[in-house]
Amino acid sequence: MRFMKNLGLVAVVGMTLGLVACADDEAQPEGGPIYLEAGVVDLASTCGPEVYPCGPYGTEKDNVAENMSFLGFWDPGALCKPHKDQKIDLNTMERISFQDWYLANEACAEKKKKLLWVNVAAGWCGPCQAEVTEVQKQMLASTFDERVGFLNIVFETENYDPATAAFIKTWATSLELNFPVVMDPAFDMGLYFNASATPFNMLVDTSTMKIIYRDVGADFQAIGEAMQAFLANL
């Protein structure tokens with residue numbers, strides 16, 4: 001299975017992976033949004049076109065996704081760089097949120113990502129490893145559409161313990177990943193799905209932060225078709 005370019009769109013070839021059921025606080029930065037304990041950014045008084053879309057927020061298709069926030073590793077230039085040129089910095093842990101992709105629409109100009117693919121995984125989940133490995137393979141081969149950003153959220157280790165910085169660093173290293181990888185030890189993404197149905201995949205329109213696709217399981221064909229339909233209308 002692979003994501004391939006077809007007239008600049010994402011096309012899907014081959015079989016799907018199918019649905020599989022295989023589950024320390026940072027100091028608040030000065031200025032900017034306020035990060036809540038649950039990992040959701042409080043934008044109630046500051047949301048708007050230059051910050052983040054205002055609600056109402058929800059977890060279903062066509063809802064605006066809440067601005068989830070996590071600690072993790074990435075290439076600081078990931079929002080604007082071609083996928084194959086990204087190099088994850090595993091020495092510096094940063095706060096990464098959905099808002100980063102929304103605000104990058106302005107900063108990245110023509111290189112901006114039109115879609116954010118949010119992928120939630122666990123260390124004990126074989127299909128999760130297969131999915132991110134395939135995505136990485138396509139990025140390095142330049143067959144992954146550059147208009148789609150990818151965020152890998154890991155919530156548990158191989159032993160079902162809450163994900164840690166050490167674990168996601170090992171995860172990224174062993175799978176040779178170069179896209180953003182963050183940890184969700186409190187399983188805040190459980191708002192969207194049951195851990196037993198891991199992995200979870202969601203596509204978000206970065207201009208509105210509305211969910212255009214969401215489902216459990218590594219169904220590449222369904223994800224690719226949703227991407228293609230969205231990008232074809234830009």
# chains A, B, ... in the order shown; residues from 1 in each chain; ligands from 1
call {"tool": "select_by_dssp", "arguments": {"residues": "region 6-233 of chain A", "states": "strand (DSSP E or B)", "output": "PyMOL selection string"}}
result
chain A and resi 6+9-13+18+34-35+40-42+48+52+57+64+68-74+89-97+115-121+148-154+156+162+181-183+200-205+210-216+218
call {"tool": "write_last_selection", "arguments": {"atoms": "C-alpha atoms", "output": "CSV table (one decimal), in the first residue's frame"}}
result
chain,number,residue,atom,x,y,z
A,6,ASN,CA,-1.6,11.8,-8.9
A,9,LEU,CA,-3.1,14.7,-5.1
A,10,VAL,CA,-2.8,11.7,-2.8
A,11,ALA,CA,-3.7,8.4,-4.4
A,12,VAL,CA,-3.9,5.1,-2.6
A,13,VAL,CA,-2.9,1.8,-4.1
A,18,GLY,CA,-8.0,-2.7,8.5
A,34,ILE,CA,-2.6,29.2,28.3
A,35,TYR,CA,-2.1,25.4,28.4
A,40,VAL,CA,-6.3,21.6,25.8
A,41,VAL,CA,-5.3,25.2,25.1
A,42,ASP,CA,-7.6,27.7,26.7
A,48,GLY,CA,-10.0,34.4,16.5
A,52,TYR,CA,-7.1,29.8,16.6
A,57,TYR,CA,-15.6,22.5,19.5
A,64,VAL,CA,-13.8,22.4,14.9
A,68,MET,CA,-4.8,20.0,21.8
A,69,SER,CA,-1.3,20.5,23.2
A,70,PHE,CA,1.5,17.9,23.9
A,71,LEU,CA,5.2,17.7,24.7
A,72,GLY,CA,7.4,16.0,22.1
A,73,PHE,CA,10.1,16.2,19.5
A,74,TRP,CA,10.1,17.6,16.0
A,89,ASP,CA,15.5,17.0,17.0
A,90,LEU,CA,15.5,14.4,19.8
A,91,ASN,CA,17.6,16.5,22.1
A,92,THR,CA,15.0,19.3,22.6
A,93,MET,CA,11.5,18.6,23.9
A,94,GLU,CA,9.0,21.3,23.0
A,95,ARG,CA,5.3,22.1,23.4
A,96,ILE,CA,3.5,21.2,20.2
A,97,SER,CA,-0.1,22.0,19.5
A,115,LEU,CA,-4.3,19.3,6.0
A,116,LEU,CA,-3.1,18.0,9.3
A,117,TRP,CA,-3.1,14.2,9.7
A,118,VAL,CA,-3.3,13.4,13.4
A,119,ASN,CA,-2.3,9.8,14.1
A,120,VAL,CA,-2.7,8.4,17.6
A,121,ALA,CA,-0.6,5.3,18.4
A,148,VAL,CA,-0.4,17.2,4.2
A,149,GLY,CA,1.3,17.6,7.6
A,150,PHE,CA,1.6,14.6,9.9
A,151,LEU,CA,1.6,14.5,13.8
A,152,ASN,CA,2.2,11.2,15.6
A,153,ILE,CA,0.8,11.1,19.1
A,154,VAL,CA,1.9,8.2,21.3
A,156,GLU,CA,1.2,4.3,25.9
A,162,PRO,CA,1.7,6.0,30.0
A,181,VAL,CA,6.3,12.8,17.6
A,182,VAL,CA,4.6,13.8,20.9
A,183,MET,CA,3.5,12.0,24.0
A,200,PHE,CA,-6.9,6.5,15.5
A,201,ASN,CA,-6.6,8.8,12.5
A,202,MET,CA,-8.0,12.2,11.9
A,203,LEU,CA,-7.7,14.8,9.1
A,204,VAL,CA,-8.1,18.4,10.0
A,205,ASP,CA,-8.4,21.4,7.5
A,210,LYS,CA,-12.5,21.5,11.1
A,211,ILE,CA,-12.4,17.7,11.1
A,212,ILE,CA,-12.9,16.3,7.6
A,213,TYR,CA,-12.2,12.7,8.5
A,214,ARG,CA,-11.9,10.6,11.6
A,215,ASP,CA,-11.8,6.8,12.2
A,216,VAL,CA,-10.1,4.1,14.1
A,218,ALA,CA,-5.1,2.0,9.8
call {"tool": "residues_around", "arguments": {"residues": "Asn178 (chain A)", "least_positions_apart": "2", "cutoff": "12 Å", "atoms": "only C-alpha atoms", "output": "PyMOL selection string"}}
result
chain A and resi 73-78+81-90+132-133+135-140+150-152+169+171-176+180-181
call {"tool": "write_last_selection", "arguments": {"atoms": "C-alpha atoms", "output": "compact mmCIF listing (two decimals), in the first residue's frame"}}
result
# COMPACT_ATOMS: atom_id res chain seq x y z
CA PHE A 73 10.08 16.24 19.47
CA TRP A 74 10.14 17.65 15.95
CA ASP A 75 12.17 19.52 13.40
CA PRO A 76 11.55 23.20 14.23
CA GLY A 77 11.12 23.81 10.51
CA ALA A 78 8.71 20.91 10.03
CA LYS A 81 9.95 22.00 5.05
CA PRO A 82 9.48 19.22 2.48
CA HIS A 83 8.89 15.95 4.32
CA LYS A 84 12.10 14.29 3.17
CA ASP A 85 14.19 17.22 4.41
CA GLN A 86 12.89 17.14 7.98
CA LYS A 87 15.24 15.97 10.71
CA ILE A 88 13.64 15.42 14.11
CA ASP A 89 15.51 17.00 17.04
CA LEU A 90 15.48 14.38 19.81
CA VAL A 132 3.88 5.24 10.80
CA THR A 133 6.63 3.23 9.11
CA VAL A 135 4.04 7.03 6.14
CA GLN A 136 7.75 7.65 6.76
CA LYS A 137 8.67 5.50 3.76
CA GLN A 138 6.39 7.55 1.52
CA MET A 139 7.76 10.83 2.85
CA LEU A 140 11.35 9.83 2.13
CA PHE A 150 1.64 14.58 9.94
CA LEU A 151 1.58 14.49 13.76
CA ASN A 152 2.20 11.20 15.58
CA LYS A 169 12.48 9.09 21.82
CA TRP A 171 9.97 5.00 19.36
CA ALA A 172 11.17 7.68 16.95
CA THR A 173 14.72 6.32 16.88
CA SER A 174 13.88 2.64 16.40
CA LEU A 175 11.33 3.38 13.66
CA GLU A 176 13.62 6.01 12.08
CA PRO A 180 6.74 15.32 14.77
CA VAL A 181 6.27 12.76 17.58
call {"tool": "closest_residue", "arguments": {"among": "A:Ala122, A:Ala226, A:Ile168, A:Gln221", "to": "Ala195 (chain A)", "atoms": "only C-alpha atoms"}}
result
A:Ala122
call {"tool": "atom_distance", "arguments": {"atom1": "CA of Thr198 (chain A)", "atom2": "CA of Pro127 (chain A)"}}
result
8.4 Å
call {"tool": "atom_distance", "arguments": {"atom1": "CA of Ala163 (chain A)", "atom2": "CA of Leu177 (chain A)"}}
result
16.8 Å
call {"tool": "closest_residue", "arguments": {"among": "A:Asp100, A:Gln228, A:Ala166, A:Gly190", "to": "Lys112 (chain A)", "atoms": "only C-alpha atoms"}}
result
A:Asp100
call {"tool": "closest_residue", "arguments": {"among": "A:Cys80, A:Trp124, A:Cys54, A:Gln129", "to": "Cys108 (chain A)", "atoms": "only C-alpha atoms"}}
result
A:Cys80
call {"tool": "atom_distance", "arguments": {"atom1": "CA of Met209 (chain A)", "atom2": "CA of Leu231 (chain A)"}}
result
14.9 Å
call {"tool": "closest_residue", "arguments": {"among": "A:Glu50, A:Asp145, A:Glu60, A:Asp184", "to": "Asp161 (chain A)", "atoms": "only C-alpha atoms"}}
result
A:Asp184
call {"tool": "closest_residue", "arguments": {"among": "A:Phe187, A:Arg147, A:Cys128, A:Ile223", "to": "Lys113 (chain A)", "atoms": "only C-alpha atoms"}}
result
A:Arg147
call {"tool": "closest_residue", "arguments": {"among": "A:Phe179, A:Tyr102, A:Tyr192, A:Tyr160", "to": "Asn63 (chain A)", "atoms": "only C-alpha atoms"}}
result
A:Tyr192
call {"tool": "select_by_dssp", "arguments": {"residues": "region 88-166 of chain A", "states": "alpha helix (DSSP H)", "output": "PyMOL selection string"}}
result
chain A and resi 98-107+126-140+165-166
call {"tool": "decode", "arguments": {"residues": "region 173-196 of chain A", "atoms": "C-alpha atoms", "output": "short mmCIF file (atom, residue, chain, number, x, y, z; two decimals), in the first residue's frame"}}
result
data_model
loop_
_atom_site.label_atom_id
_atom_site.label_comp_id
_atom_site.auth_asym_id
_atom_site.auth_seq_id
_atom_site.Cartn_x
_atom_site.Cartn_y
_atom_site.Cartn_z
CA THR A 173 14.72 6.32 16.88
CA SER A 174 13.88 2.64 16.40
CA LEU A 175 11.33 3.38 13.66
CA GLU A 176 13.62 6.01 12.08
CA LEU A 177 10.92 8.70 12.07
CA ASN A 178 11.57 12.31 11.11
CA PHE A 179 8.08 13.79 11.49
CA PRO A 180 6.74 15.32 14.77
CA VAL A 181 6.27 12.76 17.58
CA VAL A 182 4.61 13.75 20.87
CA MET A 183 3.46 11.98 24.04
CA ASP A 184 -0.04 11.87 25.51
CA PRO A 185 0.42 10.08 28.88
CA ALA A 186 -2.96 11.28 30.17
CA PHE A 187 -4.63 9.97 26.99
CA ASP A 188 -6.33 13.28 26.27
CA MET A 189 -7.01 12.01 22.76
CA GLY A 190 -9.37 9.54 24.44
CA LEU A 191 -11.98 12.23 23.78
CA TYR A 192 -12.02 10.87 20.25
CA PHE A 193 -11.82 7.08 20.57
CA ASN A 194 -11.48 4.01 22.77
CA ALA A 195 -7.89 2.85 23.32
CA SER A 196 -8.78 -0.72 22.34
#
